[in-house]
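Before any comments, here is the structure.
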Amino acid sequence: MGKALGTEVLAIGLMSGTSVDGIDAALVEIVDCQGQFKTKLIAGYTYPYAADLRSEILAVCAGEPRSLQQICELDDRIAESFSQAAIAIMHHGDRLPDLIASHGQTVFHRPPAMGDHQNGKTELGYSVQLGRGAVIAELTGIQTISDFRTADIEAGGHGAPLVPMVDALLLTDPHKYRACQNIGGISNVTYLPPSSIANIEADTELGFNAGGVFGFDNAVGNVLIDMATQKLFGEPFDRDGAIARQGKPDLVLIDRWLQQEFFVTAPPKSTGRELFSPAYLDNCLAECQNLSNYDIMATLTEFTVRAIAKSYRDFLPTFPDEVLVGGGGGRNGYLLERLQDLLAPAMVMRTDALGLDGDSKEAIAFAVLGYLRLKERNGNLPSVTGAKRSVLLGKIA
């Protein structure tokens with residue numbers, strides 16, 4: 001199992017999200033004082049995939065057929081890229097890290113089915129993250145935790161989102177209702193009631209009360225915006241929302257889109273590129289024929305914002321006092337302005353305002369989840385994922 005861990009641990013967190021824009025790596029010091037966690041980010045970088053590797057990942061995510069041999073080779077190549085990211089970032093520390101925690105690259109995600117078994121089909125979900133931890137451990141010489149979703153899925157959960165556990169550990173406030181809103185390729189939210197009144201099902205081992213905490217995937221995030229920017233403007237993404245800001249959103253169209261099944265289904269729920277795919281974007285664009293390209297970008301951005309706002313009003317028990325934004329969407333100034341307008345009187349801010357780097361937040365979160373696994377502490381929140389029980393997350397190599 002590797003060396004014993006002290007109360008101050010140096011960890012590397014690695015992940016690549018739905019946008020497939022690169023490997024987010026965080027070198028982080030974790031201080032655990034009787035279950036009360038503090039993190040210090042030493043270095044955080046995004047290491048881009050090689051262009052041909054990114055194209056192959058996107059092709060697999062889009063459902064293009066590949067042989068099993070090709071999938072295995074892709075698995076190893078992604079692991080090698082994650083290893084290179086880990087080796088690069090560990091040089092920013094003054095000692096070797098105690099652990100590497102890698103989420104890997106999701107290439108397929110199927111939520112669990114609802115209802116009774118039919119025709120012998122399983123209700124369990126299925127999720128595939130490539131970049132196996134054994135290769136990372138072999139190439140780096142550091143114990144590596146990976147495959148974080150499987151145990152939750154085997155317990156009947158979605159295996160996602162997993163970051164809410166770390167949100168609860170790091171960002172719960174004694175008096176304020178908070179929503180931690182990650183806007184990556186897909187958007188997800190963690191609802192954090194004040195610790196003083198979240199008094200159901202206390203988890204004394206972890207030192208915080210998990211009973212009132214829950215979360216779910218709540219909107220398409222940047223994935224449609226990014227794909228549309230590439231298709232319509234030849235740019236990789238809409239920097240700061242400058243393109244969308246020049247257009248006018250079609251609110252009638254957005255209201256119709258928000259009636260689709262995913263947006264009206266109550267949590268727990270998860271989604272990915274399987275739903276918000278290039279084909280989904282093409283269907284959206286087909287309904288935007290009378291709009292300029294700038295209006296299309298404004299409409300897709302407003303779609304993300306209004307889906308987030310709708311999810312708060314439909315599914316959160318109490319409207320938050322503060323909304324803490326992380327992920328790439330937090331760098332889109334226009335999107336944040338629209339969020340602030342629609343979520344008032346809540347105060348919208350990046351997690352950076354509370355000392356948690358928004359760009360590295362998910363990588364930091366997996367570093368903490370890896371630490372929990374090595375300490376044999378459960379890492380999922382059944383109230384978030386829909387699992388039947390709390391379980392250890394991740395496999396150790």
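Chain labels A, B, ... are given in the sequence in which chains occur in the structure tokens; within each chain residues are numbered consecutively from 1, and ligands are likewise numbered from 1 in the order shown.
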
Would you kindly return, as a list in words, each protein, DNA or RNA residue with an atom no farther than 10 Å from any atom of Leu224 in chain A, considering only C-alpha atoms and excluding same-chain residues fewer than 4 positions away?
Ser19, Gly185, Ile186, Val220, Ala228, Thr229, Gln230, Arg273, Phe276, Ser277, Pro278, Tyr280, Leu281, Asp282, Cys284, Met297, Leu300, Thr301, Phe303 and Thr304 of chain A

Output N, CA and C atoms for every residue in that selection, as an mmCIF file, in the first residue's frame.
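Once everything was written out, this is again-v3.cif:
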```cif
data_model
loop_
_atom_site.group_PDB
_atom_site.id
_atom_site.type_symbol
_atom_site.label_atom_id
_atom_site.label_comp_id
_atom_site.auth_asym_id
_atom_site.auth_seq_id
_atom_site.Cartn_x
_atom_site.Cartn_y
_atom_site.Cartn_z
ATOM 1 N N SER A 19 -14.020 18.926 -21.755
ATOM 2 C CA SER A 19 -13.537 19.764 -22.845
ATOM 3 C C SER A 19 -12.312 19.185 -23.541
ATOM 4 N N GLY A 185 -16.460 21.471 -19.107
ATOM 5 C CA GLY A 185 -17.222 21.104 -20.287
ATOM 6 C C GLY A 185 -18.683 20.920 -19.934
ATOM 7 N N ILE A 186 -18.913 20.245 -18.805
ATOM 8 C CA ILE A 186 -20.235 20.097 -18.203
ATOM 9 C C ILE A 186 -20.230 20.861 -16.888
ATOM 10 N N VAL A 220 -25.245 21.991 -19.298
ATOM 11 C CA VAL A 220 -24.107 21.979 -20.201
ATOM 12 C C VAL A 220 -23.222 23.143 -19.782
ATOM 13 N N ALA A 228 -18.960 25.435 -30.797
ATOM 14 C CA ALA A 228 -19.525 26.435 -31.697
ATOM 15 C C ALA A 228 -18.499 27.504 -32.066
ATOM 16 N N THR A 229 -17.672 27.895 -31.099
ATOM 17 C CA THR A 229 -16.624 28.885 -31.384
ATOM 18 C C THR A 229 -15.659 28.353 -32.440
ATOM 19 N N GLN A 230 -15.294 27.073 -32.295
ATOM 20 C CA GLN A 230 -14.387 26.462 -33.265
ATOM 21 C C GLN A 230 -15.044 26.374 -34.640
ATOM 22 N N ARG A 273 -20.545 14.101 -22.715
ATOM 23 C CA ARG A 273 -20.533 14.284 -24.169
ATOM 24 C C ARG A 273 -21.465 13.312 -24.887
ATOM 25 N N PHE A 276 -24.412 15.872 -24.781
ATOM 26 C CA PHE A 276 -24.035 17.165 -25.365
ATOM 27 C C PHE A 276 -22.887 16.959 -26.362
ATOM 28 N N SER A 277 -23.233 16.364 -27.459
ATOM 29 C CA SER A 277 -22.291 15.881 -28.466
ATOM 30 C C SER A 277 -22.249 16.833 -29.658
ATOM 31 N N PRO A 278 -21.338 16.590 -30.609
ATOM 32 C CA PRO A 278 -21.376 17.377 -31.847
ATOM 33 C C PRO A 278 -22.731 17.306 -32.549
ATOM 34 N N TYR A 280 -25.622 16.993 -31.048
ATOM 35 C CA TYR A 280 -26.513 17.874 -30.274
ATOM 36 C C TYR A 280 -26.309 19.321 -30.705
ATOM 37 N N LEU A 281 -25.039 19.720 -30.864
ATOM 38 C CA LEU A 281 -24.767 21.078 -31.323
ATOM 39 C C LEU A 281 -25.356 21.311 -32.707
ATOM 40 N N ASP A 282 -25.219 20.351 -33.595
ATOM 41 C CA ASP A 282 -25.770 20.514 -34.941
ATOM 42 C C ASP A 282 -27.280 20.727 -34.891
ATOM 43 N N CYS A 284 -28.893 22.087 -32.398
ATOM 44 C CA CYS A 284 -29.080 23.457 -31.907
ATOM 45 C C CYS A 284 -28.886 24.468 -33.045
ATOM 46 N N MET A 297 -23.749 32.499 -30.528
ATOM 47 C CA MET A 297 -22.847 32.397 -29.377
ATOM 48 C C MET A 297 -23.502 32.962 -28.119
ATOM 49 N N LEU A 300 -26.077 30.299 -26.943
ATOM 50 C CA LEU A 300 -25.490 29.130 -26.294
ATOM 51 C C LEU A 300 -24.939 29.483 -24.913
ATOM 52 N N THR A 301 -24.351 30.667 -24.777
ATOM 53 C CA THR A 301 -23.855 31.101 -23.465
ATOM 54 C C THR A 301 -25.009 31.305 -22.501
ATOM 55 N N PHE A 303 -27.841 29.881 -22.656
ATOM 56 C CA PHE A 303 -28.387 28.547 -22.389
ATOM 57 C C PHE A 303 -27.713 27.938 -21.166
ATOM 58 N N THR A 304 -26.382 28.004 -21.119
ATOM 59 C CA THR A 304 -25.655 27.502 -19.952
ATOM 60 C C THR A 304 -26.066 28.245 -18.688
#
```

Name the residues in contact with Leu162 in chain A at a cut-off of 12 Å, using only C-alpha atoms, excluding same-chain residues fewer than 2 positions from it; report them as an MDAnalysis selection string.
chainID A and resid 103 147:153 157:160 164:168 182 188:190 214:217 270 362:363 365:366 368:370 378:387 391:394

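Among the candidate residues A:Lys361, A:Arg110, A:Arg77, A:Lys388, the one lying nearest to Leu171 in chain A is A:Lys361, with distances computed using only C-alpha atoms.
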
If I take CA of Ala344 in chain A and CA of Val305 in chain A, how far is one from the other in Å, to one decimal?
12.8 Å

Check range 98-241 of chain A with DSSP on the backbone and list each residue it calls strand (DSSP E or B), as a PyMOL selection string.
chain A and resi 99-110+126-130+144-146+178-183+186-192+202-203+208-209+214-220

Given only C-alpha atoms as the counted atoms, nearest of A:Gly326, A:Lys231, A:Ser360, A:Asn222 to Ile12 in chain A:
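That would be A:Ser360, the residue with the smallest distance to Ile12 in chain A.
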
Residues within 10 Å of Leu5 in chain A, only C-alpha atoms, excluding chain neighbours under 6 positions, as number ranges by chain
A: 98-99, 371, 374-375

Got a sec: who's within 8 Å of Phe82 in chain A, counting only C-alpha atoms, leaving out chain neighbours fewer than 4 positions off, as a list of chain:residue names?
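Everything that qualifies: A:Leu14, A:Ile23, A:Ile78, A:Ala86, A:Ser102, A:Gly104, A:Gly131, A:Ile136.
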
Keeping only all heavy atoms, write the selected residues as a short mmCIF file (atom, residue, chain, number, x, y, z; two decimals), in the first residue's frame.
```cif
data_model
loop_
_atom_site.label_atom_id
_atom_site.label_comp_id
_atom_site.auth_asym_id
_atom_site.auth_seq_id
_atom_site.Cartn_x
_atom_site.Cartn_y
_atom_site.Cartn_z
N LEU A 14 -4.43 15.00 -10.75
CA LEU A 14 -4.44 15.06 -12.20
C LEU A 14 -5.85 14.80 -12.72
O LEU A 14 -6.53 13.89 -12.23
CB LEU A 14 -3.52 13.99 -12.81
CG LEU A 14 -2.04 13.99 -12.40
CD1 LEU A 14 -1.37 12.73 -12.92
CD2 LEU A 14 -1.33 15.23 -12.94
N ILE A 23 -4.38 18.34 -19.62
CA ILE A 23 -4.31 17.69 -18.31
C ILE A 23 -4.07 18.76 -17.26
O ILE A 23 -3.03 19.43 -17.27
CB ILE A 23 -3.19 16.64 -18.28
CG1 ILE A 23 -3.43 15.57 -19.35
CG2 ILE A 23 -3.07 16.01 -16.90
CD1 ILE A 23 -2.20 14.74 -19.67
N ILE A 78 -2.60 7.86 -23.04
CA ILE A 78 -3.12 8.87 -22.12
C ILE A 78 -2.39 8.77 -20.78
O ILE A 78 -2.00 9.78 -20.19
CB ILE A 78 -4.64 8.70 -21.94
CG1 ILE A 78 -5.37 9.08 -23.23
CG2 ILE A 78 -5.15 9.55 -20.77
CD1 ILE A 78 -6.85 8.77 -23.22
N ALA A 86 2.68 14.75 -14.40
CA ALA A 86 3.05 14.57 -12.99
C ALA A 86 4.54 14.83 -12.77
O ALA A 86 4.93 15.52 -11.81
CB ALA A 86 2.68 13.16 -12.52
N SER A 102 -5.13 10.41 -9.86
CA SER A 102 -5.47 10.71 -11.25
C SER A 102 -6.89 10.29 -11.57
O SER A 102 -7.25 9.11 -11.45
CB SER A 102 -4.51 10.01 -12.21
OG SER A 102 -4.91 10.20 -13.55
N GLY A 104 -8.01 10.60 -14.62
CA GLY A 104 -7.97 10.09 -15.99
C GLY A 104 -8.85 10.90 -16.93
O GLY A 104 -9.33 11.99 -16.59
N GLY A 131 -6.30 6.06 -19.06
CA GLY A 131 -5.08 6.57 -18.42
C GLY A 131 -4.82 5.80 -17.14
O GLY A 131 -4.82 6.35 -16.05
N ILE A 136 1.01 5.05 -14.66
CA ILE A 136 1.48 6.28 -14.02
C ILE A 136 2.41 5.94 -12.86
O ILE A 136 3.49 6.54 -12.70
CB ILE A 136 0.29 7.14 -13.55
CG1 ILE A 136 -0.57 7.56 -14.74
CG2 ILE A 136 0.78 8.37 -12.78
CD1 ILE A 136 -1.87 8.25 -14.36
#
```

Identify which of the residues A:Leu192, A:Val163, A:Val323, A:Met227 lies closest to Ala353 in chain A, counting only C-alpha atoms when measuring atom-to-atom distances.
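The shortest atom-to-atom distance to Ala353 in chain A comes from A:Val323.
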
Which of range 275-309 of chain A fall in alpha helix (DSSP H), as a PyMOL selection string
chain A and resi 278-286+293-309

List the spatial neighbours of range 63-70 of chain A as a list of chain:residue names - criterion: any atom at most 12 Å away, only C-alpha atoms, same-chain residues fewer than 3 positions off excluded.
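Contacts, in chain order: A:Ser55, A:Glu56, A:Ile57, A:Leu58, A:Ala59, A:Val60, A:Glu73, A:Leu74, A:Asp75, A:Asp76, A:Arg77, A:Val107, A:Phe108, A:His109, A:Arg273, A:Glu274, A:Leu275, A:Ser277, A:Pro278, A:Ala279.
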
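The neighbours of Asp357 in chain A here are the residues that come within 12 Å of it, using only C-alpha atoms and leaving out any residue fewer than 4 positions away in the same chain; they are Ala26, Leu27, Val28, Thr39, Lys40, Leu41, Ile42, Ala43, Gly44, Tyr45, Leu324, Val325, Gly326, Gly327, Gly328, Gly330, Arg331, Met349, Arg350, Thr351, Asp352, Ala353, Lys361, Glu362, Ala363, Ile364 and Ala365 of chain A.
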
Would you mind telling me which residue in A:Cys72, A:Leu316, A:Ala346, A:Ile142 lies nearest to Tyr191 in chain A when using only C-alpha atoms?
A:Leu316

Smallest atom-to-atom distance to Thr140 in chain A: which of A:Glu80, A:Asp173, A:Glu123, A:Glu235, using only C-alpha atoms?
A:Glu80
